[in-house]
>>> print(open('target28.txt').read())   # compact mmCIF, C-alpha atoms
# COMPACT_ATOMS: atom_id res chain seq x y z
CA MET A 170 25.76 -7.81 -40.54
CA THR A 171 25.26 -7.27 -36.80
CA GLU A 172 25.23 -10.42 -34.72
CA TYR A 173 22.67 -10.47 -31.95
CA GLY A 174 22.15 -12.31 -28.73
CA VAL A 175 18.90 -12.63 -26.86
CA ILE A 176 18.23 -12.90 -23.13
CA LEU A 177 15.20 -14.75 -21.81
CA PHE A 178 13.81 -13.89 -18.36
CA TYR A 179 11.41 -15.53 -15.94
CA THR A 180 9.33 -12.34 -15.54
CA THR A 181 8.51 -9.25 -17.61
CA SER A 182 9.61 -7.22 -14.60
CA SER A 183 13.16 -8.63 -14.89
CA ALA A 184 13.24 -7.81 -18.61
CA MET A 185 12.25 -4.20 -17.88
CA ARG A 186 14.87 -3.95 -15.15
CA ALA A 187 17.56 -5.37 -17.44
CA GLU A 188 16.65 -2.95 -20.23
CA LYS A 189 16.92 0.02 -17.87
CA LEU A 190 20.26 -1.08 -16.42
CA LEU A 191 21.82 -1.86 -19.80
CA VAL A 192 20.65 1.37 -21.44
CA ALA A 193 22.13 3.28 -18.50
CA GLU A 194 25.45 1.48 -19.17
CA GLY A 195 25.34 2.51 -22.82
CA CYS A 196 24.54 -0.95 -24.25
CA SER A 197 22.49 -1.16 -27.41
CA VAL A 198 19.43 -3.29 -26.56
CA LYS A 199 15.86 -3.82 -27.75
CA LEU A 200 12.92 -5.60 -26.17
CA ILE A 201 11.40 -8.08 -28.62
CA PRO A 202 8.83 -10.89 -28.51
CA VAL A 203 10.48 -14.13 -27.39
CA PRO A 204 11.72 -15.91 -30.57
CA ARG A 205 9.52 -19.00 -31.04
CA HIS A 206 12.46 -21.32 -31.72
CA LEU A 207 13.95 -20.49 -28.32
CA SER A 208 10.86 -20.73 -26.15
CA SER A 209 7.09 -21.02 -26.33
CA ASP A 210 6.84 -18.18 -23.82
CA CYS A 211 4.44 -15.39 -24.80
CA GLY A 212 6.41 -12.60 -23.15
CA VAL A 213 9.30 -10.34 -24.06
CA ALA A 214 13.02 -10.97 -24.43
CA LEU A 215 15.95 -8.57 -24.64
CA ARG A 216 18.01 -8.49 -27.81
CA PHE A 217 21.56 -7.18 -27.57
CA ASN A 218 24.64 -6.76 -29.71
CA TRP A 219 26.56 -10.05 -29.39
CA GLN A 220 29.86 -8.17 -29.40
CA GLN A 221 28.82 -6.62 -26.08
CA GLN A 222 28.02 -9.96 -24.46
CA GLU A 223 30.73 -9.74 -21.79
CA LYS A 224 29.58 -6.31 -20.69
CA VAL A 225 25.89 -7.30 -20.80
CA LYS A 226 26.53 -10.37 -18.68
CA SER A 227 28.59 -8.48 -16.13
CA VAL A 228 25.98 -5.68 -15.75
CA LEU A 229 23.17 -8.19 -15.17
CA ASP A 230 25.35 -10.30 -12.88
CA GLN A 231 26.32 -7.33 -10.77
CA ALA A 232 22.70 -6.18 -10.35
CA GLN A 233 21.61 -9.78 -9.65
CA VAL A 234 18.98 -9.78 -12.38
CA GLU A 235 17.55 -13.28 -12.68
CA VAL A 236 18.15 -14.61 -16.19
CA ASP A 237 16.56 -17.73 -17.69
CA ALA A 238 18.92 -18.17 -20.65
CA ILE A 239 21.15 -16.30 -23.08
CA HIS A 240 21.26 -17.39 -26.74
CA GLN A 241 23.11 -16.25 -29.81
CA LEU A 242 20.65 -15.50 -32.62
CA MET B 178 -17.92 22.34 -0.39
CA ILE B 179 -15.45 21.22 2.25
CA TYR B 180 -14.19 17.65 1.87
CA LEU B 181 -13.18 16.09 5.20
CA ASP B 182 -13.34 12.41 4.28
CA ASN B 183 -9.75 11.89 3.16
CA ALA B 184 -9.41 8.82 5.39
CA ALA B 185 -12.01 7.08 3.23
CA THR B 186 -10.50 8.31 -0.02
CA SER B 187 -8.46 11.44 -0.67
CA TRP B 188 -10.05 14.13 -2.81
CA PRO B 189 -9.37 16.08 -4.93
CA LYS B 190 -6.58 14.21 -6.70
CA PRO B 191 -3.54 16.14 -7.94
CA PRO B 192 -4.06 17.04 -11.65
CA GLU B 193 -0.84 15.13 -12.42
CA VAL B 194 -2.57 11.92 -11.34
CA LEU B 195 -5.48 12.39 -13.74
CA LYS B 196 -3.12 13.33 -16.56
CA ALA B 197 -0.93 10.25 -16.02
CA MET B 198 -3.99 7.99 -16.20
CA VAL B 199 -5.19 9.49 -19.47
CA ASP B 200 -1.66 9.52 -20.92
CA VAL B 201 -1.01 5.86 -20.23
CA LEU B 202 -4.23 4.76 -21.92
CA GLN B 203 -3.51 7.00 -24.91
CA HIS B 204 0.16 6.27 -25.37
CA ALA B 205 0.98 2.97 -23.69
CA GLY B 206 -2.26 1.12 -24.19
CA GLY B 207 -0.92 -2.40 -24.79
CA ASN B 208 -1.19 -5.37 -22.46
CA PRO B 209 2.02 -5.14 -20.39
CA GLY B 210 4.65 -7.63 -21.47
CA ARG B 211 2.17 -10.04 -23.05
CA SER B 212 2.58 -9.26 -26.68
CA GLY B 213 6.07 -7.93 -27.25
CA HIS B 214 5.05 -5.06 -29.55
CA ARG B 215 5.89 -1.44 -28.74
CA LEU B 216 2.65 -0.59 -26.92
CA SER B 217 2.87 -3.75 -24.84
CA ILE B 218 6.48 -3.02 -23.94
CA GLU B 219 5.72 0.60 -23.11
CA ALA B 220 2.95 -0.53 -20.75
CA ALA B 221 5.39 -2.92 -19.06
CA ARG B 222 7.90 -0.06 -18.67
CA VAL B 223 5.26 2.14 -17.02
CA ILE B 224 4.53 -0.63 -14.51
CA TYR B 225 8.19 -1.40 -13.87
CA ASN B 226 9.05 2.27 -13.24
CA ALA B 227 6.18 2.49 -10.74
CA ARG B 228 7.46 -0.63 -9.00
CA GLU B 229 10.93 0.88 -8.72
CA ASP B 230 9.70 4.15 -7.20
CA ILE B 231 7.41 2.34 -4.76
CA ALA B 232 10.31 0.13 -3.62
CA ARG B 233 12.36 3.28 -3.06
CA PHE B 234 9.47 5.06 -1.33
CA PHE B 235 9.09 2.30 1.29
CA ASN B 236 12.82 1.51 1.27
CA ILE B 237 13.19 -2.04 0.06
CA GLY B 238 15.94 -3.10 -2.35
CA ASP B 239 14.15 -5.40 -4.82
CA PRO B 240 11.35 -3.84 -6.95
CA SER B 241 9.99 -7.30 -7.82
CA ARG B 242 8.81 -7.49 -4.20
CA VAL B 243 6.26 -4.75 -4.90
CA ILE B 244 3.08 -6.70 -5.70
CA PHE B 245 0.21 -4.72 -7.22
CA THR B 246 -3.25 -5.48 -5.82
CA SER B 247 -6.67 -3.82 -6.04
CA ASN B 248 -6.40 -2.23 -2.60
CA ALA B 249 -5.08 -2.79 0.94
CA THR B 250 -7.82 -5.36 1.69
CA HIS B 251 -6.62 -7.48 -1.23
CA ALA B 252 -2.99 -7.20 -0.05
CA ILE B 253 -3.93 -8.14 3.53
CA ASN B 254 -5.93 -11.15 2.30
CA LEU B 255 -2.99 -12.23 0.16
CA VAL B 256 -0.80 -12.57 3.25
CA LEU B 257 -3.41 -13.92 5.66
CA GLN B 258 -4.84 -16.53 3.28
CA GLY B 259 -1.52 -17.32 1.63
CA LEU B 260 0.64 -17.74 4.71
CA LEU B 261 -1.54 -19.02 7.56
CA LYS B 262 -2.45 -22.66 8.19
CA PRO B 263 -4.87 -24.21 10.70
CA GLY B 264 -3.14 -24.38 14.09
CA ASP B 265 -1.01 -21.27 13.45
CA ARG B 266 -1.10 -18.63 16.16
CA VAL B 267 -1.72 -14.99 15.18
CA VAL B 268 -1.49 -11.92 17.41
CA THR B 269 -3.34 -8.73 16.54
CA SER B 270 -4.70 -5.59 18.24
CA SER B 271 -8.22 -4.67 19.35
CA ILE B 272 -8.45 -1.70 16.97
CA GLU B 273 -8.11 -3.49 13.62
CA HIS B 274 -10.22 -2.75 10.55
CA ASN B 275 -12.54 -5.43 9.17
CA ALA B 276 -10.06 -5.83 6.29
CA VAL B 277 -8.00 -7.71 8.89
CA MET B 278 -10.67 -8.99 11.29
CA ARG B 279 -13.00 -10.62 8.75
CA PRO B 280 -10.35 -12.79 7.10
CA LEU B 281 -8.87 -13.62 10.52
CA ARG B 282 -12.27 -14.59 11.98
CA SER B 283 -12.91 -16.76 8.94
CA LEU B 284 -9.52 -18.47 9.31
CA GLU B 285 -10.21 -18.90 13.02
CA LYS B 286 -13.18 -21.10 12.08
CA GLN B 287 -10.74 -23.28 10.13
CA GLY B 288 -8.45 -23.74 13.14
CA LEU B 289 -6.35 -20.60 13.38
CA ILE B 290 -5.55 -19.54 16.94
CA LEU B 291 -6.21 -15.81 17.25
CA HIS B 292 -5.04 -13.67 20.14
CA THR B 293 -6.32 -10.07 20.26
CA VAL B 294 -4.34 -7.67 22.45
CA PRO B 295 -6.55 -4.95 23.95
CA CYS B 296 -5.65 -1.31 23.31
CA ALA B 297 -6.40 1.52 25.76
CA PRO B 298 -9.51 3.69 25.14
CA ASP B 299 -7.28 6.24 23.37
CA GLY B 300 -6.07 3.45 21.07
CA MET B 301 -2.58 3.14 22.55
CA LEU B 302 -1.11 -0.36 22.61
CA ASP B 303 0.23 -1.67 25.90
CA MET B 304 3.70 -3.01 25.06
CA ARG B 305 3.72 -5.39 28.03
CA SER B 306 0.48 -7.04 26.91
CA ILE B 307 1.64 -7.56 23.36
CA ALA B 308 5.06 -8.78 24.51
CA ALA B 309 3.28 -11.38 26.65
CA ALA B 310 1.00 -12.42 23.77
CA ILE B 311 3.75 -13.03 21.19
CA ASP B 312 5.32 -16.42 21.89
CA SER B 313 7.45 -18.95 20.03
CA HIS B 314 4.30 -20.50 18.48
CA THR B 315 3.26 -17.18 16.93
CA ARG B 316 3.42 -17.29 13.13
CA LEU B 317 2.30 -13.75 12.37
CA VAL B 318 1.61 -10.45 14.10
CA VAL B 319 -0.88 -8.18 12.28
CA LEU B 320 -1.09 -4.51 13.20
CA ILE B 321 -2.91 -1.51 11.84
CA HIS B 322 -0.30 1.25 11.49
CA ALA B 323 -2.79 3.97 12.43
CA SER B 324 -6.41 3.57 13.45
CA ASN B 325 -8.93 4.63 10.81
CA VAL B 326 -11.31 5.48 13.65
CA MET B 327 -9.34 7.81 15.93
CA GLY B 328 -5.97 8.27 14.20
CA THR B 329 -3.81 6.75 16.94
CA MET B 330 -0.61 5.21 15.54
CA LEU B 331 0.68 1.87 16.81
CA PRO B 332 4.40 1.31 17.53
CA VAL B 333 5.08 -1.08 14.64
CA ALA B 334 8.88 -0.91 14.84
CA GLU B 335 8.87 -1.95 18.51
CA VAL B 336 6.40 -4.76 17.77
CA ALA B 337 8.55 -5.88 14.79
CA HIS B 338 11.40 -6.37 17.25
CA LEU B 339 9.21 -8.51 19.54
CA ALA B 340 7.81 -10.52 16.62
CA HIS B 341 11.22 -11.31 15.10
CA HIS B 342 12.66 -12.19 18.48
CA ALA B 343 9.92 -14.85 18.77
CA GLY B 344 10.44 -16.05 15.17
CA ALA B 345 7.18 -14.52 13.89
CA LEU B 346 6.55 -12.27 10.88
CA LEU B 347 4.88 -8.84 10.95
CA LEU B 348 2.14 -7.63 8.59
CA VAL B 349 1.39 -3.90 8.79
CA ASP B 350 -1.89 -2.48 7.49
CA ALA B 351 -0.74 0.91 6.19
CA ALA B 352 -4.05 1.95 4.60
CA GLN B 353 -4.09 5.16 6.68
CA THR B 354 -0.35 5.86 6.84
CA ALA B 355 1.11 5.18 3.38
CA GLY B 356 1.75 8.66 2.01
CA ALA B 357 0.71 10.31 5.28
CA VAL B 358 3.80 9.46 7.34
CA PRO B 359 7.22 8.31 6.12
CA ILE B 360 7.54 4.50 6.19
CA ASP B 361 10.96 2.83 6.06
CA MET B 362 10.47 -0.94 5.87
CA LYS B 363 14.17 -1.67 6.35
CA ALA B 364 14.57 0.51 9.44
CA GLY B 365 11.19 -0.60 10.84
CA ARG B 366 11.95 -4.24 9.94
CA ILE B 367 8.47 -4.66 8.45
CA ASP B 368 8.00 -8.01 6.68
CA PHE B 369 4.74 -7.27 4.82
CA LEU B 370 3.30 -3.82 4.18
CA ALA B 371 -0.23 -3.60 2.76
CA PHE B 372 -1.12 -0.22 1.26
CA THR B 373 -3.85 1.34 -0.83
CA GLY B 374 -3.30 3.92 -3.56
CA HIS B 375 -6.35 6.11 -3.15
CA LYS B 376 -5.75 7.69 0.27
CA GLY B 377 -2.50 9.36 1.36
CA LEU B 378 -0.68 8.27 -1.79
CA GLN B 379 -3.08 10.51 -3.81
CA GLY B 380 -3.80 7.89 -6.46
CA PRO B 381 -7.08 6.57 -7.85
CA PRO B 382 -9.25 3.88 -6.21
CA GLY B 383 -8.78 0.28 -7.37
CA ILE B 384 -5.00 0.12 -7.01
CA GLY B 385 -2.92 -0.85 -4.00
CA GLY B 386 -0.11 -3.17 -3.16
CA LEU B 387 1.76 -5.51 -0.94
CA VAL B 388 5.43 -4.72 -0.34
CA ILE B 389 7.44 -7.72 0.85
CA GLY B 390 10.62 -7.22 2.88
CA ASP B 391 13.86 -8.19 1.10
CA HIS B 392 14.63 -11.00 3.56
CA VAL B 393 11.17 -12.68 3.60
CA ASP B 394 11.02 -16.19 2.12
CA THR B 395 8.09 -15.95 -0.32
CA SER B 396 7.93 -19.71 -0.96
CA GLN B 397 5.90 -19.96 2.26
CA VAL B 398 3.14 -17.71 0.82
CA GLU B 399 0.59 -19.22 -1.59
CA PRO B 400 -0.95 -16.89 -4.18
CA LEU B 401 -4.56 -15.78 -3.71
CA MET B 402 -5.21 -16.21 -7.43
CA ARG B 403 -3.47 -18.13 -10.18
CA GLY B 404 -3.50 -17.44 -13.92
CA GLY B 405 -1.76 -15.81 -16.84
CA THR B 406 1.28 -13.66 -16.17
CA GLY B 407 2.67 -13.19 -19.69
CA SER B 408 5.72 -15.17 -18.58
CA GLN B 409 6.63 -18.87 -18.54
CA SER B 410 3.51 -19.55 -20.56
CA GLU B 411 4.57 -23.07 -21.46
CA LEU B 412 3.85 -24.08 -17.85
CA GLU B 413 0.38 -24.77 -16.50
CA LEU B 414 1.73 -24.34 -12.97
CA GLN B 415 1.92 -20.91 -11.34
CA PRO B 416 5.48 -19.52 -11.52
CA GLU B 417 7.39 -18.94 -8.27
CA SER B 418 9.20 -15.84 -9.58
CA LEU B 419 8.21 -12.44 -8.20
CA PRO B 420 6.15 -10.43 -8.86
CA ASP B 421 4.40 -12.86 -11.25
CA LYS B 422 3.61 -15.46 -8.58
CA PHE B 423 1.17 -13.02 -6.96
CA GLU B 424 0.06 -10.99 -10.02
CA SER B 425 -2.12 -13.03 -12.35
CA GLY B 426 -4.34 -11.42 -14.97
CA THR B 427 -4.09 -8.10 -16.79
CA PRO B 428 -3.14 -5.40 -14.27
CA ASN B 429 -4.81 -2.04 -13.68
CA ILE B 430 -2.33 -0.05 -15.73
CA ALA B 431 -4.24 3.26 -15.51
CA GLY B 432 -4.41 2.81 -11.74
CA ILE B 433 -0.70 2.03 -11.52
CA ALA B 434 0.18 5.09 -13.61
CA GLY B 435 -2.07 7.28 -11.43
CA LEU B 436 -0.61 5.85 -8.24
CA HIS B 437 2.91 6.44 -9.52
CA ALA B 438 2.06 10.06 -10.35
CA GLY B 439 0.56 10.48 -6.87
CA ILE B 440 3.74 9.19 -5.23
CA ARG B 441 5.90 11.47 -7.37
CA TRP B 442 3.67 14.39 -6.44
CA LEU B 443 4.20 13.53 -2.75
CA MET B 444 7.96 13.15 -3.19
CA ASP B 445 8.16 16.51 -5.01
CA ARG B 446 6.28 18.35 -2.28
CA GLY B 447 7.83 16.44 0.61
CA ILE B 448 5.87 14.06 2.77
CA HIS B 449 7.11 15.86 5.92
CA ILE B 450 5.69 19.17 4.74
CA ILE B 451 2.27 17.66 4.06
CA ARG B 452 2.35 15.87 7.42
CA GLU B 453 3.16 19.13 9.23
CA HIS B 454 0.26 20.82 7.44
CA GLU B 455 -2.17 18.01 8.31
CA LEU B 456 -1.05 17.96 11.95
CA GLU B 457 -1.60 21.70 12.21
CA LEU B 458 -5.16 21.24 10.91
CA THR B 459 -5.66 18.31 13.29
CA ARG B 460 -4.43 20.33 16.27
CA ASN B 461 -6.89 23.14 15.49
CA LEU B 462 -9.80 20.76 15.00
CA ILE B 463 -9.06 19.00 18.29
CA ASN B 464 -8.72 22.29 20.16
CA GLY B 465 -11.87 23.74 18.61
CA LEU B 466 -13.98 20.65 19.34
CA SER B 467 -12.60 20.07 22.84
CA SER B 468 -13.69 23.55 23.93
CA MET B 469 -17.36 22.83 23.04
CA PRO B 470 -19.69 21.63 25.82
CA GLY B 471 -20.94 18.05 25.47
CA ILE B 472 -18.36 17.07 22.83
CA LYS B 473 -15.95 14.18 23.35
CA VAL B 474 -12.91 13.81 21.12
CA TYR B 475 -11.23 10.38 20.81
CA GLY B 476 -7.66 9.19 20.25
CA THR B 477 -4.32 9.97 21.84
CA SER B 478 -3.49 13.54 22.85
CA ASP B 479 0.07 12.98 21.60
CA LEU B 480 -0.11 14.56 18.13
CA GLU B 481 3.15 12.96 17.00
CA ARG B 482 1.43 9.59 17.37
CA ARG B 483 -1.58 10.54 15.27
CA THR B 484 -2.64 10.80 11.68
CA ALA B 485 -5.07 13.48 10.50
CA ILE B 486 -8.22 11.82 11.82
CA ILE B 487 -10.46 13.39 14.46
CA SER B 488 -13.38 11.35 15.78
CA PHE B 489 -15.95 12.86 18.11
CA THR B 490 -19.40 12.36 19.62
CA ALA B 491 -21.86 14.89 21.03
CA ASN B 492 -24.05 14.11 24.03
CA ASN B 493 -27.16 15.74 22.56
CA LYS B 494 -27.10 14.59 18.90
CA GLU B 495 -26.74 11.29 17.08
CA VAL B 496 -23.70 11.10 14.80
CA SER B 497 -25.87 10.47 11.74
CA GLU B 498 -27.83 13.68 12.43
CA ILE B 499 -24.61 15.68 12.69
CA GLY B 500 -23.27 14.14 9.45
CA LEU B 501 -26.46 14.89 7.54
CA LYS B 502 -26.65 18.49 8.78
CA LEU B 503 -22.98 19.10 7.96
CA ASP B 504 -23.59 17.91 4.39
CA ASP B 505 -27.05 19.45 3.78
CA ASP B 506 -26.69 22.81 5.55
CA TYR B 507 -22.96 23.53 5.36
CA GLY B 508 -21.57 21.44 2.45
CA ILE B 509 -19.10 19.73 4.76
CA LEU B 510 -18.50 16.06 3.90
CA VAL B 511 -17.50 13.72 6.75
CA ARG B 512 -17.99 10.06 7.60
CA VAL B 513 -20.14 8.91 10.50
CA GLY B 514 -20.79 5.47 11.97
CA LEU B 515 -18.50 2.51 12.60
CA HIS B 516 -15.96 3.03 9.79
CA CYS B 517 -15.76 -0.74 9.08
CA ALA B 518 -13.99 -1.17 12.42
CA PRO B 519 -16.40 -2.42 15.13
CA ALA B 520 -13.47 -3.66 17.26
CA ALA B 521 -11.95 -0.18 17.39
CA HIS B 522 -15.28 1.37 18.36
CA ARG B 523 -15.71 -1.21 21.15
CA THR B 524 -12.22 -0.31 22.39
CA ILE B 525 -12.93 3.43 22.58
CA GLY B 526 -16.47 2.91 23.93
CA THR B 527 -18.46 4.14 20.91
CA PHE B 528 -20.03 0.86 19.78
CA PRO B 529 -22.66 0.65 18.27
CA GLY B 530 -23.43 4.38 17.96
CA GLY B 531 -20.15 5.24 16.23
CA THR B 532 -18.49 8.64 15.86
CA VAL B 533 -18.32 11.59 13.49
CA ARG B 534 -14.96 11.37 11.73
CA LEU B 535 -13.22 14.44 10.33
CA ALA B 536 -10.30 13.64 8.06
CA PRO B 537 -8.51 16.64 6.56
CA GLY B 538 -6.02 16.06 3.76
CA ALA B 539 -3.23 17.64 1.76
CA PHE B 540 -5.66 20.08 0.08
CA THR B 541 -7.61 21.09 3.22
CA THR B 542 -7.05 24.69 4.37
CA MET B 543 -7.14 26.31 7.80
CA ASP B 544 -10.17 28.27 6.58
CA ASP B 545 -11.95 24.93 5.92
CA VAL B 546 -11.13 23.86 9.48
CA ASN B 547 -12.39 27.11 11.04
CA LYS B 548 -15.65 26.92 9.05
CA THR B 549 -16.12 23.31 10.17
CA ILE B 550 -15.61 24.16 13.86
CA TRP B 551 -18.14 26.97 13.52
CA ALA B 552 -20.67 24.70 11.74
CA ILE B 553 -20.40 22.00 14.42
CA GLU B 554 -20.91 24.64 17.12
CA GLN B 555 -24.14 25.75 15.38
CA ILE B 556 -25.40 22.19 14.99
CA ILE B 557 -24.90 21.11 18.61
CA ALA B 558 -26.37 24.41 19.89
CA SER B 559 -29.54 23.99 17.79
>>> encode(input="target28.txt", output="structure tokens")
Amino acid sequence: MTEYGVILFYTTSSAMRAEKLLVAEGCSVKLIPVPRHLSSDCGVALRFNWQQQEKVKSVLDQAQVEVDAIHQL
Amino acid sequence: MIYLDNAATSWPKPPEVLKAMVDVLQHAGGNPGRSGHRLSIEAARVIYNAREDIARFFNIGDPSRVIFTSNATHAINLVLQGLLKPGDRVVTSSIEHNAVMRPLRSLEKQGLILHTVPCAPDGMLDMRSIAAAIDSHTRLVVLIHASNVMGTMLPVAEVAHLAHHAGALLLVDAAQTAGAVPIDMKAGRIDFLAFTGHKGLQGPPGIGGLVIGDHVDTSQVEPLMRGGTGSQSELELQPESLPDKFESGTPNIAGIAGLHAGIRWLMDRGIHIIREHELELTRNLINGLSSMPGIKVYGTSDLERRTAIISFTANNKEVSEIGLKLDDDYGILVRVGLHCAPAAHRTIGTFPGGTVRLAPGAFTTMDDVNKTIWAIEQIIAS
């Protein structure tokens, strides 16, 4: 079974930016509603393949995308 | 029909703009980012992609500093009401639109210190006067990029230098120039750029924006409105993160999609090519009108420092009579009167009578211009 991680953002705009950057880098990602157990936020979060976490983090770091938190699902 | 009121709103719109507005409502009709389902996410993508292209178009690095508003007036109010405090000193010009003057006059009543630098009768700004007016107590300089009355452009890059040297910020009202002339916020060192979507940018009415320079500290600007953003919903305090801090409530997604399509249309055709075309039309209108007896044309004679706006008066006819005859007898649509800018009309000496304003656009032809010159000749000779 695939293990997933999820990234929470402060704004929808950051989530959209992250999706675009990560797709361009060939990462497998999907925008999903924020899982209730992680936050009461009503917005979107980005789910990614946990095996790619190093790459995901480095892409977002390099582009200075503001991230609230990263959790393993 | 000949439409010469593009300075009020551009018309017709490129078909791509109309198509983008219909498409987004049909295929991305969710509430952007609020709900997390596919239509909501698609709507958020549409908005984000527009933000990215607008950031590129005005040359800033961070797309989250593109704040969508209803129009330029909304964007101007966001800065003026969000940044300024009683006792702050503001420097502006004598040819500003009421979008700037009304909020400033209102803030003046609450203790703002307002200094208005007079422009010459052709609209040109005297650099020595503005240099003398901007001092170390100046919080903000507000300038119209190009006059909506006579088309004269103000030297915003030079004023940005003066403002920053004194520790002040610069707000540029680009209602007439966004899409009409290239604007590079980084090179021009513009701190705040207020634009509207429905003029040179070829988009629909009801959408505009504020673009905030990459280096500007936004914690000093209070939002005009507070409310739901789809983010950080557990908090009852307005978030500080951009763009959400300044964008509460469901946005105008059809407007944003139309604006984005308008900007892409401009980028595809080349803003320089459209500007050359509009300047050629402007040159012919100025030459045609200037050769008529009893006609006075306003604004600078330096075409490079103009947008496609030609204001004139006739010594034997009221402007309203000329406007009505142009519409009724010749199907030529223009705007007469004060153009929401009484200060500018005082500066050029046409207050309170106003002027007839001809504003060709990207779709205006030389044949339209020649017919207009002929029609005005007939009207003033009658």
>>> closest_residue(input="target28.txt", among="A:Lys189, A:Asp210, A:Arg205, A:Val198", to="A:Val234", atoms="all atoms listed in the file")
A:Lys189
>>> residues_around(input="target28.txt", residues="A:Val203", least_positions_apart="3", cutoff="8 Å", atoms="only C-alpha atoms", output="PyMOL selection string")
(chain A and resi 177+207-214) or (chain B and resi 213)
>>> write_last_selection(input="target28.txt", atoms="C-alpha atoms", output="mmCIF file, keeping the file's coordinate frame")
data_model
loop_
_atom_site.group_PDB
_atom_site.id
_atom_site.type_symbol
_atom_site.label_atom_id
_atom_site.label_comp_id
_atom_site.auth_asym_id
_atom_site.auth_seq_id
_atom_site.Cartn_x
_atom_site.Cartn_y
_atom_site.Cartn_z
ATOM 1 C CA LEU A 177 15.200 -14.750 -21.810
ATOM 2 C CA LEU A 207 13.950 -20.490 -28.320
ATOM 3 C CA SER A 208 10.860 -20.730 -26.150
ATOM 4 C CA SER A 209 7.090 -21.020 -26.330
ATOM 5 C CA ASP A 210 6.840 -18.180 -23.820
ATOM 6 C CA CYS A 211 4.440 -15.390 -24.800
ATOM 7 C CA GLY A 212 6.410 -12.600 -23.150
ATOM 8 C CA VAL A 213 9.300 -10.340 -24.060
ATOM 9 C CA ALA A 214 13.020 -10.970 -24.430
ATOM 10 C CA GLY B 213 6.070 -7.930 -27.250
#
>>> residues_around(input="target28.txt", residues="B:Gly385", least_positions_apart="6", cutoff="8 Å", atoms="all atoms listed in the file", output="number ranges by chain")
B: 245-249, 252, 371-375
>>> atom_distance(input="target28.txt", atom1="atom CA of B:Leu260", atom2="atom CA of B:Val277")
13.9 Å
>>> closest_residue(input="target28.txt", among="A:Ser197, A:Gln233, A:Gln241, A:Ser227", to="chain B", atoms="all atoms listed in the file")
A:Gln233
>>> closest_residue(input="target28.txt", among="B:Arg242, B:Arg211, B:Arg482, B:Lys190", to="chain A", atoms="only C-alpha atoms")
B:Arg211
>>> atom_distance(input="target28.txt", atom1="atom CA of B:Thr269", atom2="atom CA of B:Leu320")
5.8 Å
>>> interface_residues(input="target28.txt", of="chain B", to="chain A", cutoff="6 Å", atoms="only C-alpha atoms", output="CSV table (one decimal) with C-alpha atoms, in the coordinates of the input")
chain,number,residue,atom,x,y,z
B,210,GLY,CA,4.6,-7.6,-21.5
B,211,ARG,CA,2.2,-10.0,-23.0
B,213,GLY,CA,6.1,-7.9,-27.2
B,407,GLY,CA,2.7,-13.2,-19.7
B,408,SER,CA,5.7,-15.2,-18.6
B,409,GLN,CA,6.6,-18.9,-18.5
B,410,SER,CA,3.5,-19.6,-20.6
B,411,GLU,CA,4.6,-23.1,-21.5
>>> axis_aligned_box(input="target28.txt", around="stretch 225-239 of chain A", padding_each_side="5 Å", output="JSON")
{"center_x": 22.6, "center_y": -11.9, "center_z": -16.4, "size_x": 22.0, "size_y": 22.5, "size_z": 23.4}
>>> residues_around(input="target28.txt", residues="B:Gly344", least_positions_apart="6", cutoff="9 Å", atoms="only C-alpha atoms", output="list in words")
Asp312, Ser313, His314, Thr315, Arg316 and Leu317 of chain B
